[in-house]
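Quick look at run_21.csv (CSV, C-alpha atoms):
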chain,number,residue,atom,x,y,z
A,1,MET,CA,-43.2,-22.5,-37.8
A,2,LEU,CA,-41.4,-21.0,-40.8
A,3,ARG,CA,-43.4,-23.3,-43.1
A,4,PHE,CA,-46.6,-22.0,-41.5
A,5,PHE,CA,-45.7,-18.4,-42.3
A,6,ARG,CA,-44.7,-19.3,-45.8
A,7,GLN,CA,-48.1,-20.9,-46.4
A,8,ILE,CA,-49.9,-17.7,-45.1
A,9,ARG,CA,-47.8,-15.6,-47.4
A,10,GLN,CA,-48.4,-17.8,-50.4
A,11,ARG,CA,-52.2,-17.8,-49.8
A,12,LEU,CA,-52.3,-14.0,-49.5
A,13,ILE,CA,-50.5,-13.6,-52.8
A,14,THR,CA,-52.7,-16.3,-54.6
A,15,ASP,CA,-55.9,-14.6,-53.3
A,16,ASN,CA,-54.6,-11.3,-54.8
A,17,LYS,CA,-54.8,-9.6,-51.4
A,18,PHE,CA,-51.8,-7.4,-51.8
A,19,SER,CA,-52.6,-4.9,-49.0
A,20,LYS,CA,-53.0,-7.7,-46.5
A,21,TYR,CA,-49.8,-9.3,-47.8
A,22,LEU,CA,-48.0,-6.0,-47.3
A,23,LEU,CA,-49.2,-5.6,-43.8
A,24,TYR,CA,-48.2,-9.2,-43.1
A,25,ALA,CA,-44.7,-8.6,-44.6
A,26,VAL,CA,-44.3,-5.5,-42.4
A,27,GLY,CA,-45.4,-7.5,-39.4
A,28,GLU,CA,-42.9,-10.3,-40.2
A,29,ILE,CA,-40.1,-7.8,-40.6
A,30,LEU,CA,-41.1,-6.3,-37.2
A,31,LEU,CA,-41.0,-9.7,-35.6
A,32,VAL,CA,-37.5,-10.3,-37.0
A,33,VAL,CA,-36.3,-6.9,-35.8
A,34,ILE,CA,-37.8,-7.5,-32.4
A,35,GLY,CA,-36.1,-10.9,-32.2
A,36,ILE,CA,-32.7,-9.3,-33.1
A,37,LEU,CA,-33.2,-6.6,-30.5
A,38,ILE,CA,-34.1,-9.2,-27.8
A,39,ALA,CA,-31.0,-11.2,-28.7
A,40,LEU,CA,-28.8,-8.1,-28.5
A,41,GLN,CA,-30.4,-7.2,-25.2
A,42,VAL,CA,-29.7,-10.7,-23.8
A,43,ASP,CA,-26.1,-10.4,-25.1
A,44,ASN,CA,-25.7,-7.0,-23.4
A,45,TRP,CA,-27.2,-8.3,-20.2
A,46,ASN,CA,-24.8,-11.2,-20.2
A,47,GLU,CA,-21.9,-8.9,-20.9
A,48,ASP,CA,-22.9,-6.5,-18.1
A,49,ARG,CA,-23.2,-9.4,-15.7
A,50,LYS,CA,-19.6,-10.5,-16.6
A,51,ILE,CA,-18.3,-7.0,-16.2
A,52,ASN,CA,-20.1,-6.6,-12.8
A,53,LYS,CA,-18.7,-9.9,-11.6
A,54,ARG,CA,-15.1,-8.9,-12.7
A,55,GLU,CA,-15.5,-5.5,-11.1
A,56,ARG,CA,-16.6,-7.1,-7.8
A,57,GLU,CA,-13.6,-9.5,-8.0
A,58,VAL,CA,-11.3,-6.5,-8.5
A,59,LEU,CA,-12.8,-4.5,-5.6
A,60,GLN,CA,-12.6,-7.6,-3.3
A,61,SER,CA,-8.9,-8.1,-4.2
A,62,LEU,CA,-8.2,-4.4,-3.5
A,63,TYR,CA,-10.1,-4.5,-0.3
A,64,ASN,CA,-8.1,-7.4,0.9
A,65,GLU,CA,-4.9,-5.6,0.0
A,66,ILE,CA,-6.0,-2.4,1.8
A,67,THR,CA,-6.9,-4.4,4.9
A,68,THR,CA,-3.4,-5.9,4.9
A,69,ASN,CA,-1.9,-2.4,4.6
A,70,LEU,CA,-3.9,-1.2,7.6
A,71,GLY,CA,-2.1,-3.7,9.7
A,72,VAL,CA,1.3,-2.8,8.2
A,73,LEU,CA,0.8,0.9,8.9
A,74,ARG,CA,-0.3,0.2,12.5
A,75,GLY,CA,2.9,-1.8,13.1
A,76,CYS,CA,5.1,0.9,11.5
A,77,SER,CA,3.5,3.6,13.6
A,78,GLU,CA,3.9,1.6,16.8
A,79,GLY,CA,7.5,0.8,15.9
A,80,ILE,CA,8.4,4.5,15.4
A,81,ARG,CA,6.7,5.5,18.5
A,82,GLU,CA,8.8,3.0,20.4
A,83,GLN,CA,12.0,4.4,18.7
A,84,LEU,CA,11.1,7.9,19.7
A,85,ASP,CA,10.6,7.0,23.3
A,86,TYR,CA,14.1,5.4,23.5
A,87,ILE,CA,15.7,8.3,21.6
A,88,ASP,CA,14.0,10.7,24.1
A,89,THR,CA,15.7,8.8,26.9
A,90,LEU,CA,19.1,8.7,25.1
A,91,GLN,CA,19.0,12.5,24.5
A,92,THR,CA,18.8,13.1,28.3
A,93,TYR,CA,22.4,11.8,28.5
A,94,LEU,CA,23.8,14.1,25.8
A,95,GLY,CA,26.0,17.0,26.9
A,96,PRO,CA,29.6,18.1,27.7
A,97,ASP,CA,29.6,16.3,31.1
A,98,TYR,CA,30.5,12.6,31.2
A,99,PRO,CA,27.1,10.8,31.6
A,100,GLU,CA,26.5,8.2,34.3
A,101,LEU,CA,25.5,5.4,32.0
A,102,SER,CA,26.7,1.8,31.7
A,103,LYS,CA,27.8,0.4,28.4
A,104,ASN,CA,25.0,-2.1,28.3
A,105,ARG,CA,22.4,0.6,28.9
A,106,LEU,CA,23.9,2.7,26.1
A,107,PHE,CA,23.8,-0.3,23.7
A,108,ASP,CA,20.2,-0.9,24.7
A,109,LEU,CA,19.2,2.7,23.9
A,110,PHE,CA,21.5,3.0,20.9
A,111,PHE,CA,19.9,-0.1,19.3
A,112,TYR,CA,16.7,2.0,18.5
A,113,THR,CA,18.8,4.4,16.5
A,114,THR,CA,20.6,1.8,14.3
A,115,TYR,CA,17.9,1.2,11.7
A,116,VAL,CA,15.4,3.0,9.5
A,117,PRO,CA,11.9,1.5,9.9
A,118,TYR,CA,10.4,0.5,6.6
A,119,CYS,CA,6.7,0.2,6.0
A,120,ASN,CA,6.3,-2.7,3.7
A,121,ILE,CA,3.2,-1.4,2.0
A,122,VAL,CA,1.7,-4.1,-0.3
A,123,THR,CA,0.7,-2.8,-3.8
A,124,ASP,CA,0.7,-6.1,-5.8
A,125,VAL,CA,-3.0,-6.0,-6.7
A,126,LEU,CA,-3.0,-2.3,-7.5
A,127,ASP,CA,0.2,-2.6,-9.6
A,128,GLU,CA,-1.3,-5.5,-11.6
A,129,LEU,CA,-4.5,-3.6,-12.2
A,130,ARG,CA,-2.6,-0.6,-13.5
A,131,ALA,CA,-0.4,-2.7,-15.7
A,132,SER,CA,-3.3,-4.7,-17.2
A,133,GLY,CA,-5.6,-1.7,-17.6
A,134,ASN,CA,-8.2,-3.5,-15.4
A,135,LEU,CA,-8.3,-0.5,-13.1
A,136,GLN,CA,-10.8,0.9,-15.6
A,137,LEU,CA,-13.2,-1.8,-14.5
A,138,ILE,CA,-14.0,0.2,-11.4
A,139,ARG,CA,-16.8,2.5,-12.4
A,140,ASN,CA,-17.3,4.2,-9.1
A,141,ILE,CA,-15.5,7.6,-9.6
A,142,GLU,CA,-15.2,8.1,-5.8
A,143,ILE,CA,-13.2,4.9,-5.4
A,144,ARG,CA,-10.9,5.8,-8.3
A,145,GLN,CA,-10.3,9.2,-6.9
A,146,ALA,CA,-9.6,7.7,-3.4
A,147,ILE,CA,-7.1,5.3,-5.0
A,148,SER,CA,-5.3,8.2,-6.7
A,149,ARG,CA,-5.1,10.1,-3.4
A,150,TRP,CA,-3.9,7.0,-1.6
A,151,SER,CA,-1.2,6.4,-4.2
A,152,ARG,CA,0.1,10.0,-3.8
A,153,ALA,CA,0.3,9.6,0.0
A,154,ASN,CA,2.1,6.3,-0.3
A,155,GLY,CA,4.5,7.9,-2.8
A,156,VAL,CA,5.3,10.6,-0.3
A,157,LEU,CA,6.0,8.1,2.5
A,158,GLN,CA,8.2,5.9,0.3
A,159,SER,CA,10.2,9.0,-0.9
A,160,GLU,CA,10.8,10.0,2.7
A,161,ALA,CA,11.9,6.5,3.6
A,162,GLU,CA,14.4,6.4,0.8
A,163,GLU,CA,15.8,9.9,1.7
A,164,TRP,CA,16.1,8.9,5.3
A,165,LYS,CA,18.0,5.7,4.5
A,166,ARG,CA,20.4,7.6,2.3
A,167,ASP,CA,21.2,10.1,5.1
A,168,PHE,CA,21.4,7.3,7.6
A,169,SER,CA,24.0,5.4,5.6
A,170,THR,CA,26.0,8.4,4.6
A,171,GLN,CA,25.9,10.5,7.8
A,172,TYR,CA,24.8,8.6,11.0
A,173,ILE,CA,26.5,5.3,10.5
A,174,PRO,CA,29.9,6.7,9.4
A,175,TYR,CA,30.0,9.0,12.4
A,176,THR,CA,29.1,6.3,15.0
A,177,ASN,CA,31.8,4.1,13.5
A,178,LYS,CA,34.3,6.4,15.0
A,179,TRP,CA,33.1,5.8,18.5
A,180,PHE,CA,31.4,2.4,18.5
A,181,SER,CA,32.4,-1.2,18.1
A,182,TRP,CA,29.8,-3.1,16.1
A,183,ASP,CA,31.4,-6.3,17.3
A,184,ASP,CA,30.6,-5.4,20.8
A,185,PHE,CA,27.1,-4.2,19.8
A,186,ASP,CA,26.4,-7.5,18.0
A,187,TYR,CA,27.8,-9.4,21.0
A,188,PHE,CA,25.4,-7.5,23.2
A,189,ILE,CA,22.4,-8.2,20.9
A,190,TYR,CA,23.2,-11.8,20.2
A,191,PRO,CA,25.0,-13.2,23.3
A,192,GLU,CA,24.0,-16.8,22.5
A,193,ASP,CA,25.5,-16.7,19.1
A,194,SER,CA,28.9,-18.5,19.3
A,195,THR,CA,30.1,-16.9,16.1
A,196,VAL,CA,29.9,-13.4,17.5
A,197,ASN,CA,32.8,-12.2,19.6
A,198,PRO,CA,33.5,-8.9,21.4
A,199,THR,CA,36.2,-6.6,20.1
A,200,ARG,CA,39.7,-6.7,21.4
A,201,PHE,CA,40.1,-2.9,21.1
A,202,GLU,CA,39.9,-0.6,24.0
A,203,TYR,CA,37.5,2.3,23.6
A,204,ASP,CA,34.8,4.2,25.6
A,205,PRO,CA,31.5,4.5,23.6
A,206,ILE,CA,30.1,6.7,26.4
A,207,LYS,CA,32.3,9.6,25.2
A,208,MET,CA,30.2,9.7,22.0
A,209,LEU,CA,27.4,11.2,24.0
A,210,GLN,CA,29.6,14.2,24.8
A,211,GLN,CA,30.1,15.2,21.2
A,212,PHE,CA,28.2,18.1,19.7
A,213,GLU,CA,28.1,16.5,16.3
A,214,TYR,CA,26.5,13.4,17.6
A,215,ALA,CA,23.9,15.4,19.4
A,216,ASN,CA,23.0,17.0,16.0
A,217,LEU,CA,22.9,13.7,14.2
A,218,LEU,CA,20.7,12.1,16.9
A,219,ASN,CA,18.4,15.2,16.7
A,220,ASN,CA,18.1,14.7,13.0
A,221,GLN,CA,17.2,11.0,13.5
A,222,TYR,CA,14.5,12.1,15.9
A,223,TRP,CA,12.9,14.5,13.6
A,224,ARG,CA,13.1,12.1,10.7
A,225,MET,CA,11.1,9.7,12.8
A,226,VAL,CA,8.5,12.4,13.6
A,227,ARG,CA,8.2,13.3,9.9
A,228,THR,CA,7.9,9.7,8.9
A,229,ARG,CA,5.2,9.1,11.5
A,230,SER,CA,3.2,12.0,10.2
A,231,PHE,CA,3.4,10.6,6.7
A,232,ILE,CA,2.3,7.2,8.0
A,233,ASP,CA,-0.6,8.8,9.8
A,234,SER,CA,-1.6,10.6,6.6
A,235,LEU,CA,-1.4,7.4,4.6
A,236,ASN,CA,-3.4,5.5,7.3
A,237,LEU,CA,-6.2,8.0,7.0
A,238,ARG,CA,-6.3,7.6,3.2
A,239,THR,CA,-6.2,3.8,3.7
A,240,LEU,CA,-9.1,3.9,6.2
A,241,SER,CA,-11.1,6.1,3.8
A,242,LEU,CA,-10.5,3.8,0.8
A,243,ASP,CA,-11.3,0.7,3.0
A,244,SER,CA,-14.6,2.2,4.0
A,245,ILE,CA,-15.6,3.3,0.4
A,246,ILE,CA,-14.8,-0.1,-1.1
A,247,SER,CA,-16.5,-1.9,1.8
A,248,ASN,CA,-19.7,0.0,1.1
A,249,GLU,CA,-19.5,-0.7,-2.6
A,250,LEU,CA,-19.2,-4.4,-1.9
A,251,LYS,CA,-22.3,-4.5,0.3
Using structure tokens, write down the structure from this file.
Amino acid sequence: MLRFFRQIRQRLITDNKFSKYLLYAVGEILLVVIGILIALQVDNWNEDRKINKREREVLQSLYNEITTNLGVLRGCSEGIREQLDYIDTLQTYLGPDYPELSKNRLFDLFFYTTYVPYCNIVTDVLDELRASGNLQLIRNIEIRQAISRWSRANGVLQSEAEEWKRDFSTQYIPYTNKWFSWDDFDYFIYPEDSTVNPTRFEYDPIKMLQQFEYANLLNNQYWRMVRTRSFIDSLNLRTLSLDSIISNELK
């Protein structure tokens, strides 16, 4: 093909047809330019195809993580709701009069006040995308804004959980240590465990329910749970919204 073009060019020069040769030269340059533009367009198309594929992979990974977190949040919310129900019942026995309550029933109710529920929100994919800079692969502004709002809501929930755990370990547990035997409590929870034995000390845990300070501490526990549940509900709404937006983008 190149030999054919050279022959045409040589013939035009030999025949002294300069104007035709000039037109031919311009045409040949245009063909080269068009060829280069086509090659660049093909390269750009291939690059766009790779970017689109990577973006879809990123969105699918995020979608899977968000779906997992919906289940986590549902479990957290249900757990706190159960705790609130038991604390509601326990609060009915508080007061200056000695309550009619068995030790085992007290242990049963008290169990739901002895831990801070933790929502194990999964952020592995999101953290990796931020660290690698691949979050910029998501070109949909609505999705990126939804991720930002979700992250803020999750930050609020995690901060509340950390503050609650700190208060729980520095206030609630030290006070109950004065009135409660954890050996007996463990024996009640794990009666089949041969390594767990009841305490040899005499004490009456029911008297704790007559203490004004314990009533305040339990009330604080209750409202901590209410606050945390509200933050969980807020994060759940953000999660549902992000789930819906990504799902539509993947269709």
Next on the checklist: Using all atoms listed in the file, can you tell me which of A:Pro205, A:Pro191, A:Gly79, A:Pro117 comes closest to Leu157 of chain A?
Outcome noted: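 When distances to Leu157 of chain A are compared using all atoms listed in the file, the smallest one comes from A:Pro117.
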Item to check | For atom CA of Leu218 of chain A and atom CA of Ile80 of chain A, the interatomic separation in Å (one decimal) | outcome: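 Between these atoms lies a distance of 14.5 Å.
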Item to check | For Ile121 of chain A: contacts at 12 Å, only C-alpha atoms, fewer than 2 positions along chain excluded, given as a ChimeraX atom specification | outcome: /A:65-76,118-119,123-126,150-151,153-155,157-158,161,232,235-236,239
Checklist outcome for this item: If you count all atoms listed in the file, the residue of A:Leu217, A:Ile87, A:Leu59, A:Leu209 closest to Trp179 of chain A turns out to be A:Leu209
Item to check | Contacts of Met225 of chain A at 9 Å (only C-alpha atoms; same-chain gap of 5+ positions) as a ChimeraX atom specification | outcome: /A:80-81,83-84,116-117,220,230
Next on the checklist: Just checking: using all atoms listed in the file, which residue out of A:Phe185, A:Arg227, A:Thr176, A:Asp233 ends up closest to Glu163 of chain A?
Outcome noted: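 Smallest separation from Glu163 of chain A among the options: A:Arg227.
Interatomic distance, atom CA of Arg224 of chain A to atom CA of Trp182 of chain A: 23.2 Å.
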Checklist entry - So which one's closest to Arg105 of chain A, A:Leu237, A:Arg139, A:Glu78, A:Thr89? Using all atoms listed in the file, please. => result A:Thr89
Checklist entry - In Å to one decimal, how far is atom CA of Ser77 of chain A from atom CA of Arg149 of chain A? => result 20.1 Å
Next on the checklist: So that I can check the surroundings of Asp186 of chain A, please list as a VMD selection string every protein, DNA and RNA residue that reaches within 9 Å of it, counting all atoms listed in the file and ignoring chain neighbours fewer than 5 positions away.
Outcome noted: chain A and resid 181 191 196 to 198
Repair of segment 191-202 of chain A at the level of all heavy atoms, as a PDB file, in the coordinates of the input:
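Saved file rebuild-v8.pdb follows:
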ATOM      1  N   PRO A 191      24.019 -12.547  22.369  1.00  0.00           N
ATOM      2  CA  PRO A 191      25.000 -13.200  23.300  1.00  0.00           C
ATOM      3  C   PRO A 191      25.049 -14.704  23.131  1.00  0.00           C
ATOM      4  O   PRO A 191      26.063 -15.321  23.468  1.00  0.00           O
ATOM      5  CB  PRO A 191      24.514 -12.772  24.662  1.00  0.00           C
ATOM      6  CG  PRO A 191      23.055 -12.491  24.489  1.00  0.00           C
ATOM      7  CD  PRO A 191      22.912 -11.924  23.111  1.00  0.00           C
ATOM      8  N   GLU A 192      23.985 -15.319  22.646  1.00  0.00           N
ATOM      9  CA  GLU A 192      24.000 -16.800  22.500  1.00  0.00           C
ATOM     10  C   GLU A 192      24.634 -17.268  21.252  1.00  0.00           C
ATOM     11  O   GLU A 192      24.885 -18.472  21.099  1.00  0.00           O
ATOM     12  CB  GLU A 192      22.510 -17.300  22.521  1.00  0.00           C
ATOM     13  CG  GLU A 192      21.729 -16.991  23.788  1.00  0.00           C
ATOM     14  CD  GLU A 192      21.063 -15.616  23.711  1.00  0.00           C
ATOM     15  OE1 GLU A 192      21.186 -14.970  22.642  1.00  0.00           O
ATOM     16  OE2 GLU A 192      20.452 -15.195  24.699  1.00  0.00           O
ATOM     17  N   ASP A 193      24.936 -16.348  20.356  1.00  0.00           N
ATOM     18  CA  ASP A 193      25.500 -16.700  19.100  1.00  0.00           C
ATOM     19  C   ASP A 193      27.039 -16.949  19.255  1.00  0.00           C
ATOM     20  O   ASP A 193      27.791 -16.009  19.520  1.00  0.00           O
ATOM     21  CB  ASP A 193      25.273 -15.642  18.038  1.00  0.00           C
ATOM     22  CG  ASP A 193      25.656 -16.072  16.626  1.00  0.00           C
ATOM     23  OD1 ASP A 193      26.428 -17.042  16.481  1.00  0.00           O
ATOM     24  OD2 ASP A 193      25.165 -15.441  15.669  1.00  0.00           O
ATOM     25  N   SER A 194      27.479 -18.181  19.074  1.00  0.00           N
ATOM     26  CA  SER A 194      28.900 -18.500  19.300  1.00  0.00           C
ATOM     27  C   SER A 194      29.820 -17.925  18.247  1.00  0.00           C
ATOM     28  O   SER A 194      31.043 -17.881  18.437  1.00  0.00           O
ATOM     29  CB  SER A 194      29.070 -20.035  19.341  1.00  0.00           C
ATOM     30  OG  SER A 194      28.650 -20.617  18.117  1.00  0.00           O
ATOM     31  N   THR A 195      29.259 -17.495  17.135  1.00  0.00           N
ATOM     32  CA  THR A 195      30.100 -16.900  16.100  1.00  0.00           C
ATOM     33  C   THR A 195      30.354 -15.431  16.289  1.00  0.00           C
ATOM     34  O   THR A 195      31.154 -14.836  15.555  1.00  0.00           O
ATOM     35  CB  THR A 195      29.404 -17.098  14.696  1.00  0.00           C
ATOM     36  OG1 THR A 195      28.172 -16.357  14.660  1.00  0.00           O
ATOM     37  CG2 THR A 195      29.113 -18.565  14.416  1.00  0.00           C
ATOM     38  N   VAL A 196      29.688 -14.836  17.273  1.00  0.00           N
ATOM     39  CA  VAL A 196      29.900 -13.400  17.500  1.00  0.00           C
ATOM     40  C   VAL A 196      30.768 -13.226  18.745  1.00  0.00           C
ATOM     41  O   VAL A 196      30.517 -13.792  19.819  1.00  0.00           O
ATOM     42  CB  VAL A 196      28.480 -12.736  17.808  1.00  0.00           C
ATOM     43  CG1 VAL A 196      28.679 -11.276  18.164  1.00  0.00           C
ATOM     44  CG2 VAL A 196      27.579 -12.890  16.586  1.00  0.00           C
ATOM     45  N   ASN A 197      31.795 -12.432  18.584  1.00  0.00           N
ATOM     46  CA  ASN A 197      32.800 -12.200  19.600  1.00  0.00           C
ATOM     47  C   ASN A 197      32.950 -10.703  19.882  1.00  0.00           C
ATOM     48  O   ASN A 197      32.849  -9.904  18.941  1.00  0.00           O
ATOM     49  CB  ASN A 197      34.111 -12.828  19.305  1.00  0.00           C
ATOM     50  CG  ASN A 197      34.023 -14.336  19.160  1.00  0.00           C
ATOM     51  OD1 ASN A 197      33.624 -15.022  20.092  1.00  0.00           O
ATOM     52  ND2 ASN A 197      34.365 -14.837  17.982  1.00  0.00           N
ATOM     53  N   PRO A 198      33.224 -10.301  21.120  1.00  0.00           N
ATOM     54  CA  PRO A 198      33.500  -8.900  21.400  1.00  0.00           C
ATOM     55  C   PRO A 198      34.798  -8.429  20.807  1.00  0.00           C
ATOM     56  O   PRO A 198      35.673  -9.233  20.507  1.00  0.00           O
ATOM     57  CB  PRO A 198      33.488  -8.824  22.931  1.00  0.00           C
ATOM     58  CG  PRO A 198      33.886 -10.194  23.350  1.00  0.00           C
ATOM     59  CD  PRO A 198      33.298 -11.131  22.338  1.00  0.00           C
ATOM     60  N   THR A 199      34.930  -7.134  20.648  1.00  0.00           N
ATOM     61  CA  THR A 199      36.200  -6.600  20.100  1.00  0.00           C
ATOM     62  C   THR A 199      37.317  -6.700  21.069  1.00  0.00           C
ATOM     63  O   THR A 199      37.119  -6.783  22.289  1.00  0.00           O
ATOM     64  CB  THR A 199      35.960  -5.106  19.704  1.00  0.00           C
ATOM     65  OG1 THR A 199      37.137  -4.624  19.064  1.00  0.00           O
ATOM     66  CG2 THR A 199      35.678  -4.257  20.927  1.00  0.00           C
ATOM     67  N   ARG A 200      38.545  -6.671  20.551  1.00  0.00           N
ATOM     68  CA  ARG A 200      39.700  -6.700  21.400  1.00  0.00           C
ATOM     69  C   ARG A 200      40.321  -5.284  21.562  1.00  0.00           C
ATOM     70  O   ARG A 200      41.328  -5.105  22.236  1.00  0.00           O
ATOM     71  CB  ARG A 200      40.783  -7.630  20.798  1.00  0.00           C
ATOM     72  CG  ARG A 200      40.385  -9.108  20.863  1.00  0.00           C
ATOM     73  CD  ARG A 200      41.451  -9.992  20.262  1.00  0.00           C
ATOM     74  NE  ARG A 200      41.589  -9.750  18.823  1.00  0.00           N
ATOM     75  CZ  ARG A 200      42.558 -10.304  18.083  1.00  0.00           C
ATOM     76  NH1 ARG A 200      43.471 -11.087  18.656  1.00  0.00           N
ATOM     77  NH2 ARG A 200      42.627 -10.050  16.800  1.00  0.00           N
ATOM     78  N   PHE A 201      39.650  -4.309  20.952  1.00  0.00           N
ATOM     79  CA  PHE A 201      40.100  -2.900  21.100  1.00  0.00           C
ATOM     80  C   PHE A 201      39.566  -2.271  22.321  1.00  0.00           C
ATOM     81  O   PHE A 201      38.448  -2.581  22.763  1.00  0.00           O
ATOM     82  CB  PHE A 201      39.673  -2.108  19.846  1.00  0.00           C
ATOM     83  CG  PHE A 201      40.360  -2.503  18.573  1.00  0.00           C
ATOM     84  CD1 PHE A 201      39.753  -3.388  17.682  1.00  0.00           C
ATOM     85  CD2 PHE A 201      41.621  -2.006  18.264  1.00  0.00           C
ATOM     86  CE1 PHE A 201      40.386  -3.758  16.515  1.00  0.00           C
ATOM     87  CE2 PHE A 201      42.258  -2.373  17.093  1.00  0.00           C
ATOM     88  CZ  PHE A 201      41.645  -3.252  16.208  1.00  0.00           C
ATOM     89  N   GLU A 202      40.360  -1.375  22.879  1.00  0.00           N
ATOM     90  CA  GLU A 202      39.900  -0.600  24.000  1.00  0.00           C
ATOM     91  C   GLU A 202      39.285   0.715  23.518  1.00  0.00           C
ATOM     92  O   GLU A 202      39.870   1.416  22.691  1.00  0.00           O
ATOM     93  CB  GLU A 202      41.088  -0.271  24.947  1.00  0.00           C
ATOM     94  CG  GLU A 202      41.656  -1.480  25.664  1.00  0.00           C
ATOM     95  CD  GLU A 202      40.700  -2.034  26.711  1.00  0.00           C
ATOM     96  OE1 GLU A 202      39.884  -1.245  27.229  1.00  0.00           O
ATOM     97  OE2 GLU A 202      40.772  -3.244  26.983  1.00  0.00           O
TER      98      GLU A 202
END
